[in-house]
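This is data_4.txt (compact mmCIF, C-alpha atoms).
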# COMPACT_ATOMS: atom_id res chain seq x y z
CA MET A 1285 -0.44 10.42 25.00
CA ALA A 1286 1.39 7.41 26.38
CA ARG A 1287 2.29 5.21 23.42
CA LEU A 1288 4.05 2.02 22.33
CA PHE A 1289 5.23 0.91 18.90
CA ILE A 1290 4.92 -2.89 18.55
CA SER A 1291 7.34 -4.19 15.91
CA ALA A 1292 9.35 -7.30 15.04
CA ALA A 1293 12.31 -8.61 13.06
CA HIS A 1294 10.16 -9.91 10.21
CA LYS A 1295 6.55 -10.50 9.19
CA SER A 1296 4.55 -13.39 10.67
CA SER A 1297 6.26 -12.97 14.03
CA GLY A 1298 2.92 -12.80 15.82
CA LYS A 1299 2.70 -8.99 16.08
CA THR A 1300 -1.01 -8.78 15.40
CA VAL A 1301 -1.96 -11.43 17.95
CA VAL A 1302 0.33 -9.87 20.55
CA SER A 1303 -0.93 -6.35 19.76
CA THR A 1304 -4.54 -7.54 19.89
CA GLY A 1305 -3.88 -9.22 23.24
CA LEU A 1306 -2.15 -6.13 24.62
CA ALA A 1307 -5.01 -3.90 23.47
CA ALA A 1308 -7.52 -6.18 25.18
CA ALA A 1309 -5.45 -6.56 28.35
CA LEU A 1310 -4.64 -2.85 28.69
CA SER A 1311 -8.27 -1.90 28.00
CA THR A 1312 -9.14 -3.19 31.47
CA GLY A 1313 -9.08 0.11 33.30
CA GLN A 1314 -7.59 2.17 30.45
CA ASP A 1315 -8.80 3.77 27.24
CA VAL A 1316 -6.65 2.23 24.47
CA ARG A 1317 -6.42 3.65 20.94
CA CYS A 1318 -4.84 1.57 18.17
CA PHE A 1319 -3.02 2.33 14.93
CA LYS A 1320 -1.57 0.19 12.15
CA LYS A 1321 1.39 1.13 9.98
CA GLY A 1322 0.89 0.84 6.25
CA PRO A 1323 -2.07 -0.19 4.08
CA ASP A 1324 -4.04 -2.89 5.87
CA TYR A 1325 -7.70 -3.60 6.53
CA ILE A 1326 -7.75 -6.88 8.45
CA ASP A 1327 -5.29 -6.24 11.31
CA PRO A 1328 -7.10 -2.98 12.20
CA MET A 1329 -10.35 -4.96 12.52
CA TRP A 1330 -8.79 -7.11 15.26
CA LEU A 1331 -7.16 -4.14 16.98
CA GLY A 1332 -10.38 -2.13 16.82
CA ALA A 1333 -12.42 -5.00 18.22
CA ALA A 1334 -9.92 -5.49 21.07
CA SER A 1335 -9.75 -1.80 22.04
CA GLY A 1336 -13.39 -0.93 21.44
CA HIS A 1337 -12.41 2.01 19.20
CA PRO A 1338 -11.67 2.41 15.48
CA CYS A 1339 -8.10 1.60 14.47
CA TYR A 1340 -6.41 4.08 12.11
CA ASN A 1341 -3.76 3.43 9.46
CA LEU A 1342 -0.55 5.46 9.25
CA ASP A 1343 0.93 5.17 5.76
CA PHE A 1344 3.84 7.19 4.37
CA ASN A 1345 2.71 6.34 0.83
CA THR A 1346 -0.47 8.38 1.06
CA MET A 1347 0.37 11.03 3.66
CA PRO A 1348 3.43 13.19 4.35
CA ALA A 1349 4.91 13.29 7.85
CA ALA A 1350 2.98 16.36 9.02
CA GLU A 1351 -0.35 14.85 7.97
CA LEU A 1352 0.48 11.53 9.65
CA LEU A 1353 1.29 13.41 12.86
CA GLY A 1354 -1.98 15.29 12.62
CA LEU A 1355 -3.96 12.09 12.11
CA PHE A 1356 -2.20 10.34 14.99
CA SER A 1357 -2.49 13.20 17.48
CA SER A 1358 -6.15 13.82 16.66
CA ARG A 1359 -7.11 10.16 17.14
CA ALA A 1360 -4.75 9.21 20.00
CA ASN A 1361 -7.03 10.80 22.58
CA GLY A 1362 -7.30 8.01 25.14
CA ASP A 1363 -4.96 6.87 27.91
CA ILE A 1364 -2.51 4.87 25.81
CA ALA A 1365 -1.87 4.34 22.09
CA LEU A 1366 -0.61 1.13 20.49
CA ILE A 1367 0.90 1.33 17.02
CA GLU A 1368 1.40 -2.00 15.27
CA ALA A 1369 4.14 -2.19 12.65
CA ASN A 1370 3.97 -4.04 9.36
CA LYS A 1371 6.74 -6.52 8.53
CA GLY A 1372 10.03 -5.86 10.35
CA LEU A 1373 11.22 -2.75 12.20
CA TYR A 1374 13.57 -1.61 9.43
CA ASP A 1375 11.54 -2.88 6.47
CA GLY A 1376 10.03 -0.54 3.89
CA VAL A 1377 10.11 0.28 0.19
CA ASP A 1378 12.79 2.98 0.42
CA LEU A 1379 16.37 1.66 0.57
CA HIS A 1380 17.32 4.28 3.16
CA GLY A 1381 14.31 3.59 5.37
CA ALA A 1382 12.35 6.80 4.85
CA ASP A 1383 9.07 4.84 4.91
CA SER A 1384 10.11 2.13 7.37
CA ASN A 1385 8.54 1.23 10.69
CA ALA A 1386 11.60 2.70 12.38
CA ALA A 1387 10.99 6.01 10.61
CA LEU A 1388 7.39 6.06 11.82
CA ALA A 1389 8.45 5.20 15.38
CA LYS A 1390 10.90 8.12 15.32
CA LEU A 1391 8.31 10.46 13.82
CA LEU A 1392 5.87 9.57 16.61
CA LYS A 1393 8.64 9.52 19.23
CA ALA A 1394 7.27 6.17 20.32
CA PRO A 1395 9.23 3.58 22.35
CA VAL A 1396 9.58 0.35 20.37
CA VAL A 1397 8.81 -3.09 21.76
CA LEU A 1398 10.17 -5.92 19.62
CA VAL A 1399 8.13 -9.10 19.34
CA ILE A 1400 10.63 -11.82 18.45
CA ASP A 1401 9.60 -15.19 17.06
CA THR A 1402 11.93 -17.44 19.09
CA LEU A 1403 11.15 -20.70 17.29
CA GLY A 1404 14.46 -22.55 16.84
CA THR A 1405 16.47 -19.80 18.58
CA THR A 1406 18.36 -19.70 21.90
CA ARG A 1407 21.68 -17.82 22.21
CA GLY A 1408 21.23 -16.45 18.70
CA ILE A 1409 18.67 -13.96 19.94
CA ALA A 1410 21.48 -11.82 21.39
CA PRO A 1411 23.23 -10.82 18.13
CA LEU A 1412 19.83 -10.24 16.57
CA LEU A 1413 18.89 -7.73 19.27
CA LEU A 1414 22.34 -6.14 19.28
CA GLY A 1415 22.16 -5.69 15.53
CA TYR A 1416 18.76 -4.04 15.74
CA GLN A 1417 20.03 -1.63 18.41
CA ALA A 1418 23.21 -0.79 16.49
CA PHE A 1419 21.61 -0.41 13.06
CA ASP A 1420 19.94 2.87 14.05
CA PRO A 1421 20.76 4.03 17.60
CA SER A 1422 18.21 6.86 17.30
CA VAL A 1423 15.39 4.30 17.45
CA ASN A 1424 14.29 3.83 21.05
CA ILE A 1425 14.03 0.04 21.41
CA ALA A 1426 12.70 -0.19 24.94
CA GLY A 1427 12.34 -3.93 25.36
CA VAL A 1428 11.58 -7.32 23.84
CA ILE A 1429 8.71 -9.78 24.11
CA LEU A 1430 9.73 -13.39 23.50
CA ASN A 1431 7.05 -15.04 21.35
CA LYS A 1432 6.31 -18.68 20.50
CA VAL A 1433 8.51 -19.90 23.35
CA GLY A 1434 8.87 -23.68 23.46
CA GLY A 1435 8.67 -24.15 27.23
CA PRO A 1436 10.33 -23.22 30.57
CA ARG A 1437 13.80 -24.47 29.55
CA HIS A 1438 13.66 -22.61 26.25
CA GLU A 1439 12.51 -19.44 28.00
CA ALA A 1440 15.31 -19.69 30.58
CA LYS A 1441 17.96 -20.00 27.86
CA LEU A 1442 16.55 -17.02 25.96
CA ARG A 1443 16.36 -14.83 29.04
CA ALA A 1444 19.92 -15.76 30.03
CA ALA A 1445 21.28 -14.89 26.57
CA VAL A 1446 19.48 -11.54 26.50
CA ALA A 1447 20.68 -10.67 30.01
CA GLU A 1448 24.28 -11.75 29.36
CA TYR A 1449 24.89 -9.94 26.09
CA THR A 1450 22.42 -7.02 25.91
CA ASP A 1451 20.93 -4.30 28.08
CA MET A 1452 17.46 -4.86 26.68
CA PRO A 1453 14.76 -5.80 29.20
CA VAL A 1454 12.62 -8.87 28.53
CA LEU A 1455 9.06 -7.66 28.97
CA GLY A 1456 7.41 -11.04 28.67
CA ALA A 1457 7.51 -14.55 27.26
CA ILE A 1458 4.54 -15.99 25.38
CA GLY A 1459 4.28 -19.73 24.88
CA LYS A 1460 2.52 -21.63 22.16
CA HIS A 1461 -1.25 -21.68 22.62
CA ARG A 1462 -3.84 -22.94 20.19
CA ALA A 1463 -6.06 -20.06 21.35
CA LEU A 1464 -3.52 -17.59 19.92
CA GLU A 1465 -3.88 -18.91 16.39
CA ILE A 1466 -5.95 -16.64 14.14
CA GLY A 1467 -6.74 -18.38 10.87
CA GLU A 1468 -5.05 -17.27 7.65
CA ARG A 1469 -6.01 -17.35 3.98
CA HIS A 1470 -4.90 -15.94 0.63
CA LEU A 1471 -5.23 -12.30 1.76
CA GLY A 1472 -3.84 -12.76 5.27
CA LEU A 1473 -5.64 -13.23 8.57
CA THR A 1474 -9.33 -14.02 8.71
CA THR A 1475 -11.49 -11.12 9.85
CA PRO A 1476 -13.25 -10.96 13.23
CA ALA A 1477 -16.62 -11.20 11.45
CA GLU A 1478 -15.61 -14.61 10.07
CA SER A 1479 -14.30 -15.94 13.38
CA GLY A 1480 -17.10 -17.47 15.42
CA GLY A 1481 -17.40 -15.97 18.89
CA PHE A 1482 -14.62 -13.50 18.16
CA GLN A 1483 -15.29 -11.39 21.25
CA ALA A 1484 -14.70 -14.42 23.47
CA MET A 1485 -11.68 -15.24 21.31
CA ILE A 1486 -10.24 -11.74 21.83
CA ALA A 1487 -10.93 -11.93 25.56
CA THR A 1488 -8.98 -15.21 25.74
CA ILE A 1489 -6.10 -13.75 23.73
CA GLY A 1490 -6.08 -10.79 26.12
CA GLU A 1491 -5.95 -13.05 29.15
CA ILE A 1492 -3.06 -15.12 27.76
CA ILE A 1493 -1.01 -12.13 26.56
CA GLY A 1494 -1.82 -10.10 29.65
CA GLY A 1495 -0.68 -12.95 31.87
CA SER A 1496 2.52 -13.46 29.89
CA VAL A 1497 3.90 -9.91 29.79
CA ASP A 1498 4.68 -7.25 32.38
CA LEU A 1499 1.82 -4.82 31.79
CA ASP A 1500 2.97 -2.38 34.48
CA THR A 1501 6.41 -2.03 32.89
CA LEU A 1502 4.80 -1.62 29.46
CA ARG A 1503 2.63 1.17 30.86
CA SER A 1504 5.71 2.87 32.31
CA ILE A 1505 7.56 2.63 29.00
CA ALA A 1506 4.55 4.05 27.16
CA ALA A 1507 4.29 6.93 29.63
CA SER A 1508 7.95 7.82 29.02
CA ALA A 1509 7.23 8.91 25.45
CA PRO A 1510 7.89 12.65 25.02
CA ARG A 1511 5.26 15.20 24.09
CA LEU A 1512 4.37 15.51 20.41
CA GLN A 1513 3.77 18.70 18.50
CA ALA A 1514 1.50 18.12 15.55
CA SER A 1515 -0.44 20.18 13.05
CA ALA A 1516 -4.22 20.01 12.97
CA ARG A 1517 -5.91 17.32 10.88
CA MET A 1518 -7.72 18.48 7.74
CA GLN A 1519 -11.48 18.96 8.18
CA ALA A 1520 -13.86 18.99 5.25
CA LYS A 1521 -16.63 21.57 4.91
CA ALA A 1522 -19.96 19.79 4.99
CA GLY A 1523 -22.62 20.71 2.49
CA PRO A 1524 -26.23 19.53 2.40
CA SER A 1525 -26.58 15.98 3.64
CA VAL A 1526 -26.81 13.01 1.27
CA LYS A 1527 -27.20 9.31 2.06
CA ILE A 1528 -24.47 6.90 0.97
CA GLY A 1529 -25.10 3.17 1.22
CA ILE A 1530 -22.18 1.03 2.36
CA PRO A 1531 -22.29 -2.79 2.58
CA ARG A 1532 -20.66 -4.10 5.74
CA ASP A 1533 -20.82 -7.84 6.23
CA THR A 1534 -18.64 -10.94 5.81
CA ALA A 1535 -18.28 -10.24 2.07
CA PHE A 1536 -17.37 -6.54 2.29
CA GLY A 1537 -15.59 -4.81 5.14
CA PHE A 1538 -12.42 -3.13 3.85
CA TYR A 1539 -12.94 0.50 4.87
CA TYR A 1540 -10.49 2.93 6.45
CA ALA A 1541 -11.99 4.43 9.60
CA ASP A 1542 -10.91 7.97 8.72
CA ASP A 1543 -12.26 7.59 5.18
CA LEU A 1544 -15.70 6.86 6.62
CA GLU A 1545 -15.26 9.83 8.94
CA ALA A 1546 -14.28 11.99 5.96
CA LEU A 1547 -17.43 10.95 4.08
CA ALA A 1548 -19.50 11.95 7.11
CA ALA A 1549 -17.60 15.22 7.55
CA ALA A 1550 -18.30 16.06 3.90
CA GLY A 1551 -22.03 15.78 4.53
CA ALA A 1552 -22.84 12.10 4.00
CA GLU A 1553 -25.12 10.06 6.20
CA LEU A 1554 -23.64 6.55 6.12
CA VAL A 1555 -26.28 3.88 5.68
CA PHE A 1556 -24.88 0.38 6.24
CA PHE A 1557 -26.54 -2.70 4.80
CA ASN A 1558 -25.89 -6.42 4.32
CA THR A 1559 -25.43 -7.83 0.81
CA LEU A 1560 -26.08 -11.37 2.02
CA LYS A 1561 -29.33 -10.76 3.90
CA ASP A 1562 -30.97 -7.49 2.83
CA ARG A 1563 -33.27 -8.05 -0.13
CA GLN A 1564 -33.31 -4.45 -1.27
CA LEU A 1565 -31.18 -1.32 -1.10
CA PRO A 1566 -31.88 1.20 1.63
CA GLU A 1567 -33.01 4.66 0.55
CA ILE A 1568 -29.72 6.21 -0.65
CA ASP A 1569 -28.28 8.85 -2.97
CA GLY A 1570 -24.94 7.10 -3.60
CA LEU A 1571 -23.23 3.74 -3.13
CA PHE A 1572 -19.73 2.86 -1.89
CA ILE A 1573 -18.72 -0.83 -2.03
CA GLY A 1574 -15.34 -1.50 -0.46
CA GLY A 1575 -13.11 -4.52 -0.69
CA GLY A 1576 -13.48 -7.79 1.12
CA PHE A 1577 -13.97 -11.46 0.35
CA PRO A 1578 -16.86 -11.83 -2.12
CA GLU A 1579 -15.27 -15.07 -3.35
CA THR A 1580 -15.79 -16.77 0.03
CA GLN A 1581 -19.43 -15.62 0.10
CA MET A 1582 -20.26 -15.87 -3.60
CA GLN A 1583 -22.95 -18.53 -3.19
CA ALA A 1584 -24.86 -16.32 -0.73
CA LEU A 1585 -24.27 -13.24 -2.89
CA GLU A 1586 -25.69 -15.05 -5.92
CA ALA A 1587 -28.63 -16.31 -3.88
CA ASN A 1588 -29.66 -12.74 -3.03
CA ALA A 1589 -30.90 -12.11 -6.56
CA PRO A 1590 -33.35 -9.33 -5.65
CA LEU A 1591 -30.59 -7.12 -4.22
CA ARG A 1592 -28.27 -7.83 -7.15
CA ALA A 1593 -30.98 -6.87 -9.61
CA GLU A 1594 -31.83 -3.69 -7.72
CA ILE A 1595 -28.17 -2.60 -7.56
CA LYS A 1596 -27.76 -3.17 -11.28
CA ALA A 1597 -30.92 -1.25 -12.10
CA ALA A 1598 -29.95 1.61 -9.79
CA ILE A 1599 -26.48 1.95 -11.33
CA GLU A 1600 -27.87 1.86 -14.85
CA ALA A 1601 -30.37 4.54 -13.79
CA GLY A 1602 -27.45 6.78 -12.72
CA LEU A 1603 -26.90 6.05 -9.01
CA PRO A 1604 -23.42 7.47 -8.17
CA THR A 1605 -21.35 4.41 -7.27
CA TYR A 1606 -17.77 3.84 -6.22
CA ALA A 1607 -16.39 0.30 -5.80
CA GLU A 1608 -12.95 -1.00 -4.82
CA CYS A 1609 -11.48 -4.46 -5.47
CA GLY A 1610 -14.03 -6.87 -3.97
CA GLY A 1611 -16.69 -4.32 -4.81
CA LEU A 1612 -15.56 -4.37 -8.44
CA MET A 1613 -15.72 -8.18 -8.44
CA TYR A 1614 -19.27 -8.08 -7.06
CA LEU A 1615 -20.37 -5.65 -9.78
CA CYS A 1616 -19.07 -7.93 -12.58
CA GLU A 1617 -21.28 -10.32 -14.54
CA THR A 1618 -19.86 -13.44 -12.87
CA LEU A 1619 -17.30 -14.45 -10.26
CA THR A 1620 -15.20 -17.60 -10.70
CA TRP A 1621 -13.21 -19.23 -7.89
CA ARG A 1622 -11.87 -22.77 -7.62
CA GLY A 1623 -13.75 -23.82 -10.73
CA GLU A 1624 -17.10 -22.56 -9.46
CA VAL A 1625 -18.95 -19.80 -11.34
CA ARG A 1626 -21.58 -17.61 -9.68
CA GLN A 1627 -23.75 -14.80 -11.03
CA MET A 1628 -22.99 -11.34 -9.67
CA VAL A 1629 -24.56 -7.90 -10.26
CA GLY A 1630 -23.68 -7.35 -13.94
CA ALA A 1631 -23.14 -3.59 -13.87
CA VAL A 1632 -19.53 -4.12 -15.02
CA LYS A 1633 -19.58 -5.92 -18.38
CA GLY A 1634 -16.81 -8.38 -17.54
CA ASP A 1635 -16.15 -11.50 -15.50
CA ALA A 1636 -14.09 -11.62 -12.31
CA VAL A 1637 -11.80 -14.64 -12.09
CA MET A 1638 -9.79 -15.53 -8.98
CA GLY A 1639 -6.28 -16.81 -9.76
CA PRO A 1640 -3.81 -18.85 -7.68
CA ARG A 1641 -1.35 -15.95 -7.34
CA PRO A 1642 -1.68 -12.18 -6.80
CA GLN A 1643 -2.43 -10.23 -9.97
CA GLY A 1644 -1.59 -6.92 -8.32
CA ARG A 1645 0.11 -6.36 -5.00
CA GLY A 1646 1.63 -3.29 -3.35
CA TYR A 1647 1.68 0.45 -3.78
CA THR A 1648 0.28 1.91 -6.98
CA ARG A 1649 0.57 5.24 -8.74
CA LEU A 1650 -2.34 6.35 -10.90
CA LYS A 1651 -2.82 9.21 -13.31
CA SER A 1652 -6.42 10.33 -13.35
CA LEU A 1653 -7.88 10.56 -16.83
CA GLY A 1654 -10.68 12.79 -15.56
CA GLY A 1655 -14.36 12.06 -15.59
CA MET A 1656 -17.01 12.15 -12.90
CA TRP A 1657 -15.50 13.11 -9.53
CA GLN A 1658 -11.81 12.58 -10.37
CA ASN A 1659 -9.45 15.14 -11.84
CA GLY A 1660 -6.14 14.99 -13.73
CA THR A 1661 -3.84 14.64 -10.72
CA GLU A 1662 -1.50 11.81 -9.74
CA ILE A 1663 -2.96 9.49 -7.12
CA LEU A 1664 -1.03 7.24 -4.74
CA ALA A 1665 -2.99 4.14 -3.77
CA HIS A 1666 -2.50 0.40 -3.18
CA GLU A 1667 -3.80 -2.94 -4.45
CA PHE A 1668 -3.80 -6.57 -3.34
CA HIS A 1669 -5.93 -8.87 -5.46
CA TYR A 1670 -5.82 -12.39 -6.80
CA ALA A 1671 -8.66 -11.59 -9.19
CA ARG A 1672 -8.58 -10.36 -12.76
CA VAL A 1673 -11.40 -9.14 -14.97
CA GLU A 1674 -11.91 -10.90 -18.28
CA ASN A 1675 -14.16 -10.21 -21.29
CA LEU A 1676 -14.40 -6.45 -20.87
CA PRO A 1677 -15.66 -4.76 -24.05
CA ALA A 1678 -12.99 -3.17 -26.23
CA ASP A 1679 -14.56 0.26 -25.75
CA THR A 1680 -14.47 0.13 -21.92
CA ARG A 1681 -13.73 3.55 -20.44
CA PHE A 1682 -11.28 3.84 -17.55
CA ALA A 1683 -10.73 6.46 -14.87
CA TYR A 1684 -6.98 5.94 -14.47
CA GLU A 1685 -3.80 5.23 -16.33
CA VAL A 1686 -1.66 2.94 -14.15
CA GLN A 1687 1.88 4.29 -13.85
CA ARG A 1688 2.90 1.79 -11.18
CA GLY A 1689 1.03 -1.41 -10.37
CA HIS A 1690 -1.42 -3.55 -12.30
CA GLY A 1691 -4.99 -2.32 -11.86
CA VAL A 1692 -7.53 -3.97 -14.16
CA ASP A 1693 -5.37 -4.76 -17.18
CA GLY A 1694 -1.83 -3.65 -16.34
CA ARG A 1695 -2.35 -0.28 -17.98
CA HIS A 1696 -5.66 1.02 -16.65
CA ASP A 1697 -7.87 0.92 -13.60
CA GLY A 1698 -11.29 2.19 -12.65
CA VAL A 1699 -14.03 0.99 -15.03
CA LEU A 1700 -16.42 3.85 -15.85
CA SER A 1701 -20.06 3.33 -16.73
CA HIS A 1702 -23.06 5.60 -16.12
CA ASN A 1703 -22.12 7.27 -12.79
CA MET A 1704 -20.10 4.26 -11.60
CA LEU A 1705 -16.35 4.01 -10.99
CA ALA A 1706 -15.12 0.51 -10.08
CA GLY A 1707 -11.45 -0.50 -9.84
CA PHE A 1708 -8.96 -2.72 -8.06
CA CYS A 1709 -6.92 0.03 -6.40
CA HIS A 1710 -7.82 1.23 -2.92
CA LEU A 1711 -7.85 5.01 -2.41
CA ARG A 1712 -7.08 6.77 0.87
CA HIS A 1713 -8.63 10.13 1.74
CA SER A 1714 -5.85 12.66 2.31
CA GLN A 1715 -4.98 16.28 1.63
CA ALA A 1716 -3.45 15.25 -1.70
CA THR A 1717 -6.30 12.89 -2.62
CA PRO A 1718 -9.52 14.08 -0.97
CA TRP A 1719 -11.58 11.42 -2.72
CA ALA A 1720 -14.28 11.22 -0.03
CA THR A 1721 -15.09 14.91 -0.30
CA ARG A 1722 -15.10 14.78 -4.10
CA PHE A 1723 -17.35 11.72 -4.15
CA VAL A 1724 -19.86 13.26 -1.73
CA ASP A 1725 -19.88 16.46 -3.79
CA PHE A 1726 -20.53 14.37 -6.92
CA VAL A 1727 -23.35 12.49 -5.20
CA ARG A 1728 -24.83 15.79 -4.10
CA THR A 1729 -24.94 17.10 -7.69
CA ARG A 1730 -26.84 13.99 -8.77
CA ALA A 1731 -29.22 13.76 -5.79

Spell out the structure here as C-alpha cells.
Amino acid sequence: MARLFISAAHKSSGKTVVSTGLAAALSTGQDVRCFKKGPDYIDPMWLGAASGHPCYNLDFNTMPAAELLGLFSSRANGDIALIEANKGLYDGVDLHGADSNAALAKLLKAPVVLVIDTLGTTRGIAPLLLGYQAFDPSVNIAGVILNKVGGPRHEAKLRAAVAEYTDMPVLGAIGKHRALEIGERHLGLTTPAESGGFQAMIATIGEIIGGSVDLDTLRSIAASAPRLQASARMQAKAGPSVKIGIPRDTAFGFYYADDLEALAAAGAELVFFNTLKDRQLPEIDGLFIGGGFPETQMQALEANAPLRAEIKAAIEAGLPTYAECGGLMYLCETLTWRGEVRQMVGAVKGDAVMGPRPQGRGYTRLKSLGGMWQNGTEILAHEFHYARVENLPADTRFAYEVQRGHGVDGRHDGVLSHNMLAGFCHLRHSQATPWATRFVDFVRTRA
C-alpha cells in the first residue's frame, strides 16, 4: 500500500483541510483510504467524506503496536493511504515519544509530509525544518507543504530559504482562501453534516489543494514506502442476529468506523435513525447512542417529544442501552446551555449542564466495577466534554471507578439504571476492551 503521513509542527496548522483536499484530489482516478492518529471523531468525518470510504483511527492508548498494524493493513486496501497526524509530529503524552505521531509514522513505515503554517515566517522556516530532521533522523520526512502563504513574494522567500539551507523538497504552496476555512466551535471543527453543501465544499477544497501541490511527486513518495508485515486483525464470532438502533444525525454522530464494524461482526444488524425527525424508535433489541452535539440541536430534540417518551419507556422496560457523552446528556432530565433549559429523555435522573470550559479532556483509565456487560478489568478510554451532570440521586450506581480523568463526578463514570449504561468516556473496541462484542452478547441475552 502506497502511503503518506501528513503531519505538522503544531496543532491548527491546517492539516485536516490539507488532508481532506489531498484525499479529494487523489481520489480522482485512485482509491484513497484515510486514517487519523489518536482519538478523534470530527476529522475522520471530513476525511471519510472526501475519500468516499470510512476513516479509521490509530491510537496507541487503546491498541498496542501489533494491533494498530493489523487494523491499518486490513483497512488500507486501496491504491493509496493517507494518515493524518494529531497536533505536531513529535507531540504525544509520553516524554520519550512512544505514542507520538513520529512513532506511528515509523511503525507504519510511512513517509512524512510536513504541513507548515507559514504565517509570519520567511527565513525562519529553515531552522524549523532542520530541527525536525535532526531531532529523530529515523523519521522519513519526505517533503514540506507551505500552508497559509501570504502571496507570491512570501512564497518565493520561503522556497528560497528551504532550498538554501535544507535538502527538503517543497511539495506545494497553499495560499489563503476563504473556501479552505472549515468552521470551528467548542469541540473543534464543525462536522460535514452541519456544513451546508459539504460535498461541493469538499470538491472545492480538493480543487484548491490539488492545484497547489505536486500530486505526481506525492504519489511517487507514497509509492516509495516499504512493504509492511502485520498480524491479522481480530474478528469476532457472530452469534444469532440482533437489531441495535443507532442515532446518526446532526445531534449524534461520534462513532468509530471499526466499532460499528465490530458490532456487525458480533451479530448486530445496525438500524440507524434520526432523533430530530423520527417520531418513534425502529424495531430494535438494543440501543447505542454515541457522542455529538445535542446542545446545538436541543430545541429540535425537545420538540420531538414522542421519540423522547418512547426511548424513556423502552429503557425503563429493560431495553439494553449504551450511551456515550452526548448520548448521556440526551438521556438526562434536562440539558442547559447558554442559559437555555430544554427537556430531554429523563432516563438518567440528573441534569446535563454545559460549562464554559472542559470538565474532562484527554485519555482516561477506568476500573470496571462489574455489572451488565462489563467486567472487572482496567479500561483505557478518552473523554472531551464541557458538560457536567447535576442533581444525580445519592444512590446512583456507576459502572466505573475513574483512575485517571473526570467522568461524571471526578470519581465515577457510567450511570447504571435498568439495562442502561451511560457515561462521558468513549470506549474503543479492541482486543483488550472488546466492548462491542460484550454489548451485543448482552443484548442477545435480553432479546

Counting all atoms listed in the file, note down every residue that has an atom within 9 Å of the point (12.9, -1.8, 23.5) (file coordinates), as JSON, numbers by chain.
{"A": [1395, 1396, 1397, 1398, 1417, 1423, 1424, 1425, 1426, 1427, 1428, 1452, 1453, 1454, 1455, 1505]}

Quick one: write out the picked residues with C-alpha atoms as a CSV table (one decimal), in the frame of the given file?
chain,number,residue,atom,x,y,z
A,1395,PRO,CA,9.2,3.6,22.4
A,1396,VAL,CA,9.6,0.4,20.4
A,1397,VAL,CA,8.8,-3.1,21.8
A,1398,LEU,CA,10.2,-5.9,19.6
A,1417,GLN,CA,20.0,-1.6,18.4
A,1423,VAL,CA,15.4,4.3,17.4
A,1424,ASN,CA,14.3,3.8,21.0
A,1425,ILE,CA,14.0,0.0,21.4
A,1426,ALA,CA,12.7,-0.2,24.9
A,1427,GLY,CA,12.3,-3.9,25.4
A,1428,VAL,CA,11.6,-7.3,23.8
A,1452,MET,CA,17.5,-4.9,26.7
A,1453,PRO,CA,14.8,-5.8,29.2
A,1454,VAL,CA,12.6,-8.9,28.5
A,1455,LEU,CA,9.1,-7.7,29.0
A,1505,ILE,CA,7.6,2.6,29.0

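Of the listed residues A:Val1727, A:Ala1716, A:Leu1502, A:Ala1598, the one whose atoms come nearest to A:Ala1286 is A:Leu1502, with distances taken using all atoms listed in the file.
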
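Minimum atom-to-atom distance to A:Pro1677, evaluated using only C-alpha atoms, belongs to A:Lys1633 out of A:His1294, A:His1713, A:Lys1633, A:Arg1645.
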
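Taking atom CA of A:Phe1536 and atom CA of A:Thr1300 as endpoints, the distance between them is 21.1 Å.
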
Selected residue of minimal separation from A:Glu1491 among A:Lys1299, A:Thr1312, A:Thr1605, A:Arg1622, counting all atoms listed in the file:
A:Thr1312

Would you compute the distance between atom CA of A:Arg1681 and atom CA of A:Leu1705? Give it in Å to one decimal.
9.8 Å

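What separates atom CA of A:Phe1726 from atom CA of A:Arg1649 is a distance of 23.1 Å.
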
Determine, counting only C-alpha atoms, which protein, DNA and RNA residues have an atom within 12 Å of an atom of A:Glu1448; residues of the same chain fewer than 6 positions away are not included. Present the result as a list in words.
Arg1407, Ile1409, Ala1410, Pro1411, Leu1414, Lys1441 and Leu1442 of chain A

For A:Gly1551: contacts at 8 Å, all atoms listed in the file, fewer than 4 positions along chain excluded, given as a list in words
Lys1521, Ala1522, Gly1523, Pro1524, Ser1525, Val1526, Leu1547 and Val1724 of chain A

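Among the candidates A:Arg1462, A:Arg1672, A:Lys1295, A:Arg1287, the residue lying nearest to A:Asp1315 is A:Arg1287 (atoms considered: only C-alpha atoms).
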